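Enquirer: File follows, query.cif with mmCIF, C-alpha atoms and all ligand atoms:
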data_run
loop_
_atom_site.group_PDB
_atom_site.id
_atom_site.type_symbol
_atom_site.label_atom_id
_atom_site.label_comp_id
_atom_site.auth_asym_id
_atom_site.auth_seq_id
_atom_site.Cartn_x
_atom_site.Cartn_y
_atom_site.Cartn_z
ATOM 1 C CA MET A 1 6.544 -11.135 -19.191
ATOM 2 C CA GLY A 2 8.972 -12.722 -16.717
ATOM 3 C CA GLU A 3 9.484 -11.852 -13.099
ATOM 4 C CA PRO A 4 12.753 -10.222 -12.042
ATOM 5 C CA GLN A 5 15.019 -12.395 -9.900
ATOM 6 C CA LEU A 6 15.024 -11.127 -6.323
ATOM 7 C CA GLY A 7 18.459 -12.536 -5.557
ATOM 8 C CA ASP A 8 19.674 -11.504 -2.116
ATOM 9 C CA ARG A 9 17.007 -8.815 -1.826
ATOM 10 C CA SER A 10 14.402 -11.253 -0.540
ATOM 11 C CA THR A 11 13.565 -10.071 2.947
ATOM 12 C CA SER A 12 15.040 -11.662 6.024
ATOM 13 C CA LEU A 13 14.431 -10.240 9.459
ATOM 14 C CA ASP A 14 17.223 -7.757 10.198
ATOM 15 C CA THR A 15 16.258 -5.309 12.905
ATOM 16 C CA SER A 16 19.575 -3.402 12.694
ATOM 17 C CA VAL A 17 18.476 -1.571 9.531
ATOM 18 C CA PRO A 18 15.222 0.362 9.178
ATOM 19 C CA HIS A 19 12.382 -1.322 7.323
ATOM 20 C CA ILE A 20 9.453 0.599 5.879
ATOM 21 C CA ALA A 21 6.763 -1.512 7.616
ATOM 22 C CA ARG A 22 8.189 -0.713 11.060
ATOM 23 C CA VAL A 23 9.055 2.911 10.196
ATOM 24 C CA TYR A 24 5.488 3.418 8.975
ATOM 25 C CA ASP A 25 4.212 1.770 12.154
ATOM 26 C CA TYR A 26 6.248 4.292 14.205
ATOM 27 C CA TRP A 27 4.855 7.235 12.212
ATOM 28 C CA LEU A 28 1.348 5.895 12.869
ATOM 29 C CA GLY A 29 2.065 5.770 16.621
ATOM 30 C CA GLY A 30 2.473 1.967 16.771
ATOM 31 C CA LYS A 31 4.794 -0.075 18.983
ATOM 32 C CA ASP A 32 6.029 -2.720 16.532
ATOM 33 C CA ASN A 33 9.342 -1.089 15.658
ATOM 34 C CA TYR A 34 13.038 -1.199 16.614
ATOM 35 C CA ALA A 35 15.716 1.402 17.423
ATOM 36 C CA ALA A 36 16.964 1.590 13.798
ATOM 37 C CA ASP A 37 13.381 2.125 12.577
ATOM 38 C CA ARG A 38 12.725 4.852 15.158
ATOM 39 C CA LYS A 39 15.991 6.636 14.301
ATOM 40 C CA ALA A 40 15.199 6.660 10.567
ATOM 41 C CA ALA A 41 11.579 7.663 11.235
ATOM 42 C CA GLU A 42 12.647 10.576 13.460
ATOM 43 C CA GLN A 43 15.181 11.755 10.886
ATOM 44 C CA VAL A 44 12.479 11.876 8.214
ATOM 45 C CA ILE A 45 10.221 13.775 10.633
ATOM 46 C CA SER A 46 13.012 16.310 11.205
ATOM 47 C CA THR A 47 13.293 17.044 7.470
ATOM 48 C CA PHE A 48 9.628 16.506 6.615
ATOM 49 C CA PRO A 49 7.380 17.049 9.667
ATOM 50 C CA ASP A 50 4.200 16.455 7.637
ATOM 51 C CA VAL A 51 5.097 12.790 7.160
ATOM 52 C CA THR A 52 3.020 11.761 10.193
ATOM 53 C CA VAL A 53 0.000 13.656 8.842
ATOM 54 C CA SER A 54 0.590 12.099 5.440
ATOM 55 C CA VAL A 55 0.616 8.490 6.698
ATOM 56 C CA ARG A 56 -2.542 9.049 8.759
ATOM 57 C CA ALA A 57 -4.180 10.567 5.688
ATOM 58 C CA GLN A 58 -3.109 7.451 3.764
ATOM 59 C CA ARG A 59 -4.834 5.167 6.303
ATOM 60 C CA ALA A 60 -7.958 7.324 6.024
ATOM 61 C CA PHE A 61 -7.725 7.035 2.214
ATOM 62 C CA LEU A 62 -7.453 3.247 2.599
ATOM 63 C CA GLY A 63 -10.684 3.280 4.615
ATOM 64 C CA ARG A 64 -12.564 5.473 2.114
ATOM 65 C CA ALA A 65 -11.264 3.543 -0.904
ATOM 66 C CA VAL A 66 -12.203 0.123 0.534
ATOM 67 C CA HIS A 67 -15.580 1.472 1.637
ATOM 68 C CA TYR A 68 -16.185 2.858 -1.871
ATOM 69 C CA LEU A 69 -15.144 -0.448 -3.465
ATOM 70 C CA ALA A 70 -17.343 -2.571 -1.188
ATOM 71 C CA ALA A 71 -20.369 -0.287 -0.812
ATOM 72 C CA GLU A 72 -20.548 1.485 -4.175
ATOM 73 C CA ALA A 73 -18.635 -0.716 -6.622
ATOM 74 C CA GLY A 74 -19.928 -4.005 -5.179
ATOM 75 C CA ILE A 75 -16.456 -5.557 -4.827
ATOM 76 C CA ARG A 76 -16.268 -8.663 -2.624
ATOM 77 C CA GLN A 77 -12.659 -9.751 -3.296
ATOM 78 C CA PHE A 78 -9.549 -7.800 -2.269
ATOM 79 C CA LEU A 79 -5.875 -8.432 -2.988
ATOM 80 C CA ASP A 80 -4.016 -6.118 -0.585
ATOM 81 C CA ILE A 81 -0.281 -6.137 -1.380
ATOM 82 C CA GLY A 82 2.029 -4.253 1.011
ATOM 83 C CA THR A 83 -0.438 -4.757 3.833
ATOM 84 C CA GLY A 84 1.668 -3.283 6.620
ATOM 85 C CA LEU A 85 1.444 -4.036 10.312
ATOM 86 C CA PRO A 86 -2.106 -4.318 11.577
ATOM 87 C CA SER A 87 -3.531 -0.909 12.431
ATOM 88 C CA ALA A 88 -6.966 0.628 12.779
ATOM 89 C CA ASN A 89 -9.401 -0.101 9.941
ATOM 90 C CA ASN A 90 -7.563 -2.875 8.155
ATOM 91 C CA THR A 91 -8.899 -3.734 4.707
ATOM 92 C CA HIS A 92 -10.921 -6.784 5.841
ATOM 93 C CA GLU A 93 -12.531 -4.855 8.688
ATOM 94 C CA VAL A 94 -13.758 -2.060 6.418
ATOM 95 C CA ALA A 95 -14.845 -4.438 3.618
ATOM 96 C CA GLN A 96 -16.549 -6.973 5.895
ATOM 97 C CA HIS A 97 -18.316 -4.191 7.784
ATOM 98 C CA VAL A 98 -20.068 -3.444 4.476
ATOM 99 C CA ALA A 99 -20.240 -7.012 3.158
ATOM 100 C CA PRO A 100 -19.368 -9.767 5.685
ATOM 101 C CA GLU A 101 -18.853 -12.314 2.887
ATOM 102 C CA SER A 102 -15.849 -10.366 1.508
ATOM 103 C CA ARG A 103 -12.655 -12.345 0.872
ATOM 104 C CA ILE A 104 -9.294 -10.675 1.466
ATOM 105 C CA VAL A 105 -5.786 -11.797 0.556
ATOM 106 C CA TYR A 106 -3.031 -9.934 2.407
ATOM 107 C CA VAL A 107 0.502 -9.957 0.979
ATOM 108 C CA ASP A 108 3.675 -8.523 2.515
ATOM 109 C CA ASN A 109 7.379 -9.310 2.305
ATOM 110 C CA ASP A 110 8.335 -8.319 5.864
ATOM 111 C CA PRO A 111 8.577 -11.262 8.292
ATOM 112 C CA ILE A 112 7.514 -8.882 11.087
ATOM 113 C CA VAL A 113 4.178 -8.388 9.362
ATOM 114 C CA LEU A 114 3.828 -12.170 9.130
ATOM 115 C CA LEU A 115 4.406 -12.419 12.905
ATOM 116 C CA HIS A 116 1.496 -10.049 13.488
ATOM 117 C CA ALA A 117 -0.697 -11.490 10.772
ATOM 118 C CA ARG A 118 -2.996 -13.197 13.262
ATOM 119 C CA ALA A 119 -4.594 -9.804 13.825
ATOM 120 C CA LEU A 120 -5.287 -9.637 10.081
ATOM 121 C CA LEU A 121 -6.894 -13.051 9.978
ATOM 122 C CA THR A 122 -9.904 -12.229 12.107
ATOM 123 C CA SER A 123 -12.381 -12.680 9.295
ATOM 124 C CA SER A 124 -16.116 -12.532 9.728
ATOM 125 C CA PRO A 125 -17.518 -16.100 9.713
ATOM 126 C CA GLU A 126 -19.135 -15.458 6.299
ATOM 127 C CA GLY A 127 -15.891 -14.231 4.682
ATOM 128 C CA THR A 128 -12.250 -15.304 4.538
ATOM 129 C CA THR A 129 -8.862 -13.671 4.981
ATOM 130 C CA ILE A 130 -5.518 -15.282 4.187
ATOM 131 C CA TYR A 131 -1.952 -14.035 4.387
ATOM 132 C CA ILE A 132 0.774 -14.687 1.821
ATOM 133 C CA GLU A 133 4.422 -13.884 2.487
ATOM 134 C CA ALA A 134 5.712 -12.685 -0.878
ATOM 135 C CA ASP A 135 7.358 -9.797 -2.649
ATOM 136 C CA LEU A 136 5.225 -7.569 -4.867
ATOM 137 C CA ARG A 137 7.608 -8.429 -7.712
ATOM 138 C CA GLU A 138 6.657 -12.125 -7.412
ATOM 139 C CA THR A 139 3.347 -11.667 -9.187
ATOM 140 C CA GLY A 140 3.142 -15.302 -10.344
ATOM 141 C CA LYS A 141 3.457 -16.652 -6.799
ATOM 142 C CA ILE A 142 0.991 -14.067 -5.440
ATOM 143 C CA LEU A 143 -1.654 -14.782 -8.078
ATOM 144 C CA GLU A 144 -1.277 -18.546 -7.762
ATOM 145 C CA GLN A 145 -1.639 -18.517 -3.972
ATOM 146 C CA ALA A 146 -4.387 -15.865 -3.976
ATOM 147 C CA ALA A 147 -6.433 -18.164 -6.229
ATOM 148 C CA ARG A 148 -6.936 -20.397 -3.160
ATOM 149 C CA ILE A 149 -9.693 -18.015 -2.072
ATOM 150 C CA LEU A 150 -10.160 -15.474 -4.885
ATOM 151 C CA ASP A 151 -12.220 -16.305 -7.968
ATOM 152 C CA PHE A 152 -10.397 -14.484 -10.761
ATOM 153 C CA SER A 153 -13.401 -14.816 -13.085
ATOM 154 C CA GLN A 154 -15.100 -12.279 -10.792
ATOM 155 C CA PRO A 155 -13.943 -8.685 -10.090
ATOM 156 C CA VAL A 156 -11.095 -8.184 -7.631
ATOM 157 C CA ALA A 157 -9.777 -4.949 -6.095
ATOM 158 C CA ILE A 158 -5.978 -4.809 -6.198
ATOM 159 C CA MET A 159 -4.755 -2.568 -3.378
ATOM 160 C CA LEU A 160 -1.234 -1.139 -3.715
ATOM 161 C CA LEU A 161 -1.192 1.429 -0.944
ATOM 162 C CA GLY A 162 2.204 2.738 0.072
ATOM 163 C CA VAL A 163 4.095 -0.073 -1.621
ATOM 164 C CA LEU A 164 4.894 0.854 -5.247
ATOM 165 C CA HIS A 165 7.415 3.437 -4.006
ATOM 166 C CA CYS A 166 9.342 0.497 -2.514
ATOM 167 C CA VAL A 167 9.972 -0.732 -6.072
ATOM 168 C CA PRO A 168 12.660 1.252 -7.921
ATOM 169 C CA ASP A 169 12.258 2.178 -11.596
ATOM 170 C CA ALA A 170 14.954 -0.411 -12.425
ATOM 171 C CA ASP A 171 12.479 -3.148 -11.377
ATOM 172 C CA ASP A 172 9.785 -1.706 -13.672
ATOM 173 C CA PRO A 173 6.853 -1.201 -11.261
ATOM 174 C CA ALA A 174 4.545 -0.420 -14.212
ATOM 175 C CA ALA A 175 5.152 -3.918 -15.595
ATOM 176 C CA ILE A 176 4.304 -5.405 -12.176
ATOM 177 C CA VAL A 177 1.013 -3.497 -12.112
ATOM 178 C CA ALA A 178 0.309 -4.584 -15.692
ATOM 179 C CA ARG A 179 0.892 -8.261 -14.810
ATOM 180 C CA LEU A 180 -1.542 -8.021 -11.882
ATOM 181 C CA LEU A 181 -4.163 -6.215 -13.969
ATOM 182 C CA ALA A 182 -3.856 -8.766 -16.772
ATOM 183 C CA ALA A 183 -4.884 -11.489 -14.293
ATOM 184 C CA VAL A 184 -8.133 -9.865 -13.142
ATOM 185 C CA SER A 185 -11.472 -9.723 -14.933
ATOM 186 C CA PRO A 186 -13.158 -6.624 -16.409
ATOM 187 C CA GLY A 187 -14.910 -4.701 -13.637
ATOM 188 C CA SER A 188 -11.905 -5.161 -11.335
ATOM 189 C CA TYR A 189 -10.284 -2.176 -9.633
ATOM 190 C CA LEU A 190 -6.812 -0.887 -8.809
ATOM 191 C CA ALA A 191 -6.233 1.416 -5.806
ATOM 192 C CA ILE A 192 -2.885 3.143 -5.302
ATOM 193 C CA ALA A 193 -1.412 5.467 -2.680
ATOM 194 C CA HIS A 194 2.060 6.752 -3.536
ATOM 195 C CA PRO A 195 4.404 9.428 -2.093
ATOM 196 C CA ALA A 196 4.709 12.479 -4.368
ATOM 197 C CA SER A 197 7.983 13.949 -5.606
ATOM 198 C CA ASP A 198 6.349 17.111 -7.012
ATOM 199 C CA VAL A 199 4.699 18.366 -3.786
ATOM 200 C CA ALA A 200 6.867 19.878 -1.001
ATOM 201 C CA VAL A 201 9.659 19.130 -3.464
ATOM 202 C CA ASP A 202 12.738 20.091 -1.443
ATOM 203 C CA GLN A 203 11.543 18.545 1.816
ATOM 204 C CA MET A 204 10.550 15.317 0.108
ATOM 205 C CA ALA A 205 13.845 15.055 -1.776
ATOM 206 C CA ARG A 206 15.842 15.642 1.413
ATOM 207 C CA SER A 207 13.836 13.192 3.522
ATOM 208 C CA MET A 208 13.988 10.486 0.819
ATOM 209 C CA ARG A 209 17.769 10.946 0.553
ATOM 210 C CA ASN A 210 18.150 10.668 4.351
ATOM 211 C CA TYR A 211 15.973 7.567 4.544
ATOM 212 C CA ASN A 212 17.626 5.858 1.594
ATOM 213 C CA ALA A 213 21.075 6.420 3.078
ATOM 214 C CA GLN A 214 20.090 4.154 6.009
ATOM 215 C CA ALA A 215 17.633 1.620 4.643
ATOM 216 C CA ARG A 216 18.419 -1.500 2.668
ATOM 217 C CA ASP A 217 15.468 -1.050 0.310
ATOM 218 C CA PRO A 218 15.424 2.427 -1.275
ATOM 219 C CA LEU A 219 12.190 4.385 -1.714
ATOM 220 C CA THR A 220 11.198 6.339 -4.847
ATOM 221 C CA ALA A 221 8.693 9.192 -4.683
ATOM 222 C CA ARG A 222 7.031 9.893 -8.031
ATOM 223 C CA THR A 223 5.312 12.780 -9.831
ATOM 224 C CA HIS A 224 1.590 13.058 -10.485
ATOM 225 C CA ALA A 225 2.187 12.033 -14.115
ATOM 226 C CA GLU A 226 4.231 8.997 -13.074
ATOM 227 C CA VAL A 227 1.637 7.813 -10.542
ATOM 228 C CA SER A 228 -1.174 8.409 -13.073
ATOM 229 C CA ARG A 229 0.643 6.202 -15.601
ATOM 230 C CA PHE A 230 0.102 3.159 -13.351
ATOM 231 C CA PHE A 231 -3.623 3.528 -14.155
ATOM 232 C CA GLU A 232 -3.077 3.385 -17.934
ATOM 233 C CA GLY A 233 -5.953 1.547 -19.641
ATOM 234 C CA LEU A 234 -8.281 1.938 -16.628
ATOM 235 C CA ASP A 235 -11.214 4.319 -16.106
ATOM 236 C CA LEU A 236 -10.321 6.560 -13.185
ATOM 237 C CA VAL A 237 -12.988 6.891 -10.499
ATOM 238 C CA GLU A 238 -13.742 10.549 -9.672
ATOM 239 C CA PRO A 239 -11.862 12.677 -8.615
ATOM 240 C CA GLY A 240 -8.928 10.882 -10.328
ATOM 241 C CA VAL A 241 -5.394 10.863 -8.966
ATOM 242 C CA VAL A 242 -5.273 13.524 -6.243
ATOM 243 C CA GLN A 243 -3.561 14.052 -2.914
ATOM 244 C CA VAL A 244 -4.887 11.274 -0.668
ATOM 245 C CA HIS A 245 -6.814 13.566 1.695
ATOM 246 C CA ARG A 246 -8.682 15.074 -1.272
ATOM 247 C CA TRP A 247 -9.980 11.713 -2.557
ATOM 248 C CA ARG A 248 -13.716 11.679 -1.682
ATOM 249 C CA ALA A 249 -13.025 13.459 1.590
ATOM 250 C CA GLY A 250 -15.833 13.341 4.103
ATOM 251 C CA VAL A 251 -16.776 14.750 7.455
ATOM 252 C CA GLY A 252 -13.892 14.436 9.931
ATOM 253 C CA ASP A 253 -11.239 14.139 7.199
ATOM 254 C CA LEU A 254 -8.257 16.419 6.979
ATOM 255 C CA ALA A 255 -8.851 19.901 5.516
ATOM 256 C CA THR A 256 -8.441 19.600 1.768
ATOM 257 C CA ASP A 257 -6.754 22.990 1.337
ATOM 258 C CA ARG A 258 -3.453 21.814 2.809
ATOM 259 C CA GLU A 259 -0.750 20.232 0.652
ATOM 260 C CA LEU A 260 0.308 16.635 1.313
ATOM 261 C CA ALA A 261 2.990 14.860 -0.702
ATOM 262 C CA ASN A 262 0.999 11.665 -1.156
ATOM 263 C CA TYR A 263 -1.140 10.746 -4.185
ATOM 264 C CA GLY A 264 -4.059 8.363 -4.251
ATOM 265 C CA GLY A 265 -6.437 7.091 -6.875
ATOM 266 C CA VAL A 266 -8.779 4.271 -7.837
ATOM 267 C CA GLY A 267 -9.328 2.978 -11.381
ATOM 268 C CA ARG A 268 -11.676 0.399 -12.948
ATOM 269 C CA LYS A 269 -10.658 -2.136 -15.583
ATOM 270 C CA PRO A 270 -13.133 -1.711 -18.453
HETATM 271 C C1 LIG B 1 4.124 2.013 4.053
HETATM 272 S S1 LIG B 1 3.505 0.427 4.476
HETATM 273 C C2 LIG B 1 1.838 0.578 3.880
HETATM 274 C C3 LIG B 1 0.817 -0.211 4.659
HETATM 275 C C4 LIG B 1 -0.630 -0.119 4.195
HETATM 276 N N1 LIG B 1 -0.801 -0.609 2.841
HETATM 277 C C5 LIG B 1 -1.184 1.271 4.303
HETATM 278 O O1 LIG B 1 -1.374 1.928 3.276
HETATM 279 O O2 LIG B 1 -1.452 1.731 5.398
HETATM 280 C C6 LIG B 1 4.271 -0.541 3.198
HETATM 281 C C7 LIG B 1 4.199 -2.044 3.373
HETATM 282 O O3 LIG B 1 4.630 -2.649 2.160
HETATM 283 C C8 LIG B 1 5.511 -3.719 2.456
HETATM 284 N N2 LIG B 1 6.434 -3.863 1.322
HETATM 285 C C9 LIG B 1 7.452 -3.061 0.959
HETATM 286 N N3 LIG B 1 8.040 -3.518 -0.157
HETATM 287 C C10 LIG B 1 7.377 -4.643 -0.491
HETATM 288 C C11 LIG B 1 7.517 -5.566 -1.553
HETATM 289 N N4 LIG B 1 8.468 -5.421 -2.473
HETATM 290 N N5 LIG B 1 6.676 -6.618 -1.582
HETATM 291 C C12 LIG B 1 5.705 -6.781 -0.657
HETATM 292 N N6 LIG B 1 5.516 -5.929 0.364
HETATM 293 C C13 LIG B 1 6.339 -4.868 0.447
HETATM 294 C C14 LIG B 1 6.224 -3.296 3.719
HETATM 295 O O4 LIG B 1 6.724 -4.427 4.433
HETATM 296 C C15 LIG B 1 5.107 -2.579 4.464
HETATM 297 O O5 LIG B 1 4.402 -3.460 5.286
#
Transcribe the structure of this file into structure tokens.
Expert:
Amino acid sequence: MGEPQLGDRSTSLDTSVPHIARVYDYWLGGKDNYAADRKAAEQVISTFPDVTVSVRAQRAFLGRAVHYLAAEAGIRQFLDIGTGLPSANNTHEVAQHVAPESRIVYVDNDPIVLLHARALLTSSPEGTTIYIEADLRETGKILEQAARILDFSQPVAIMLLGVLHCVPDADDPAAIVARLLAAVSPGSYLAIAHPASDVAVDQMARSMRNYNAQARDPLTARTHAEVSRFFEGLDLVEPGVVQVHRWRAGVGDLATDRELANYGGVGRKP
């Protein structure tokens, strides 16, 4: 399977149009964003106020998923694509808290994330973290460079949290996931968080339309069935693909009876 040509879509730093990394940073209460990002972020909030709750719930899901993978599944290698700007509880912090020898490869296509990557490279002395600037669609480049520190004969957790919706159907995100999964050994895991198109349907549709009218890279929310399809061939970890705040929720997590348009799940390659 070949990789699609990125053409002029490869990311250069243009702060005059909103970019998802900086918009997401704004929703999380961060400071690494520009006027165009803040405008787009506020417009989404005006049509979909729960977006700020949803992104915080996604970060909490990231923490629970990485903790599960390190503490219960025994994973020591993480490939985190669509890393985002450093925030609380980054993947290496959660993993190395459980197992200091954990090795983490961060991948993002936004030069702003690269500028802040130093904060992601604060590995424990026993472990390693590296950062690769690449697009999720460039699976060959990602796998080749990740092999500098990841041993692909041993299980790896592939983390695709809040990034697959940045890949439109035309670029076949399922094929991208399949290429990544083909490269990892049995016993490896895939974790996904993905905005839902079949929860808060009207609000989500309106906010996606508003955002996509301003941003260079369009976002695609997907249904439960569409998100579940990314896990084809894997054994889903309980409770399956659910709204992120309902995935192994613990004390201090958001109440699980509210609706959030954001799906999460973790699957194991048999
Ligand atoms: C919404 S943030 C998610 C951050 C983090 N994974 C989390 O769940 O908190 C999405 C990140 O994916 C990155 N991204 C978007 N499209 C990408 C692509 N095609 N390739 C690599 N990274 C991408 C953005 O730059 C941004 O940092």
Enquirer: Apply the PyMOL selection byres (((chain A and resi 156-159) around 10) and not hetatm) to the file shown and report the selected residues as number ranges by chain.
Expert: A: 62, 65-66, 69-70, 73, 75-83, 91, 103-106, 150-155, 160-163, 177, 180-181, 183-193, 266-269
Enquirer: Select, from A:Glu42, A:Glu226, A:Glu93, A:Glu126, the residue with the minimum atom-to-atom distance to A:Tyr24, counting all atoms listed in the file.
Expert: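 Closest candidate: A:Glu42.
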Enquirer: Using the file's own x, y and z axes, so that the box edges lie along x, y and z, what centre and edge lengths in Å (one decimal) does a box around every listed atom of ligand LIG 1 (chain B) get when 3 Å is added on each side? Give it as JSON.
Expert:
{"center_x": 3.5, "center_y": -2.4, "center_z": 1.5, "size_x": 15.9, "size_y": 14.8, "size_z": 13.9}
Enquirer: Can you work out which one of A:Leu136, A:Val237, A:Ile130, A:Leu13 has the shortest atom-to-atom distance to ligand LIG 1 (chain B), counting only C-alpha atoms and all ligand atoms?
Expert: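 The answer is A:Leu136, which sits nearest to ligand LIG 1 (chain B).
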Enquirer: Taking only C-alpha atoms into account, name the residue in A:Ala196, A:Val23, A:Leu236, A:Val201 that is nearest to A:Ile45.
Expert: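 Looking only at the distances to A:Ile45, the closest residue turns out to be A:Val23.
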Enquirer: Got a sec to resolve the PyMOL selection byres (((chain A and resi 210) around 12) and not hetatm) on this structure and send the residues as a VMD selection string?
Expert: chain A and resid 18 39 to 48 203 to 209 211 to 215 218 to 219
Enquirer: Just give me the gap between atom CA of A:Leu85 and atom CA of A:Pro239 in Å, one decimal is fine.
Expert: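 Calculated distance between atom CA of A:Leu85 and atom CA of A:Pro239 is 28.5 Å.
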Enquirer: Name the residues, using the chain letters and numbers of the file, that sit within 12 Å of (2.0, -16.9, -4.2) when counting only C-alpha atoms, and give them as JSON, numbers by chain.
Expert: {"A": [79, 81, 105, 106, 107, 108, 109, 130, 131, 132, 133, 134, 135, 136, 137, 138, 139, 140, 141, 142, 143, 144, 145, 146, 147, 148, 149]}
Enquirer: Pick out the closest residue to ligand LIG 1 (chain B) from this set: A:Glu101, A:Asp198, A:Asp217, A:Asp169. Count all atoms listed in the file.
Expert: A:Asp217
Enquirer: Ranking A:Leu260, A:Val167, A:Val94, A:Ala36 by minimum distance to A:Ala71 and counting only C-alpha atoms, which one comes first?
Expert: A:Val94
Enquirer: Considering all atoms listed in the file, state which residue in the set A:His92, A:His245, A:Arg22, A:His97 is at the smallest distance from A:Leu120.
Expert: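 For A:Leu120, the nearest of the given residues is A:His92.
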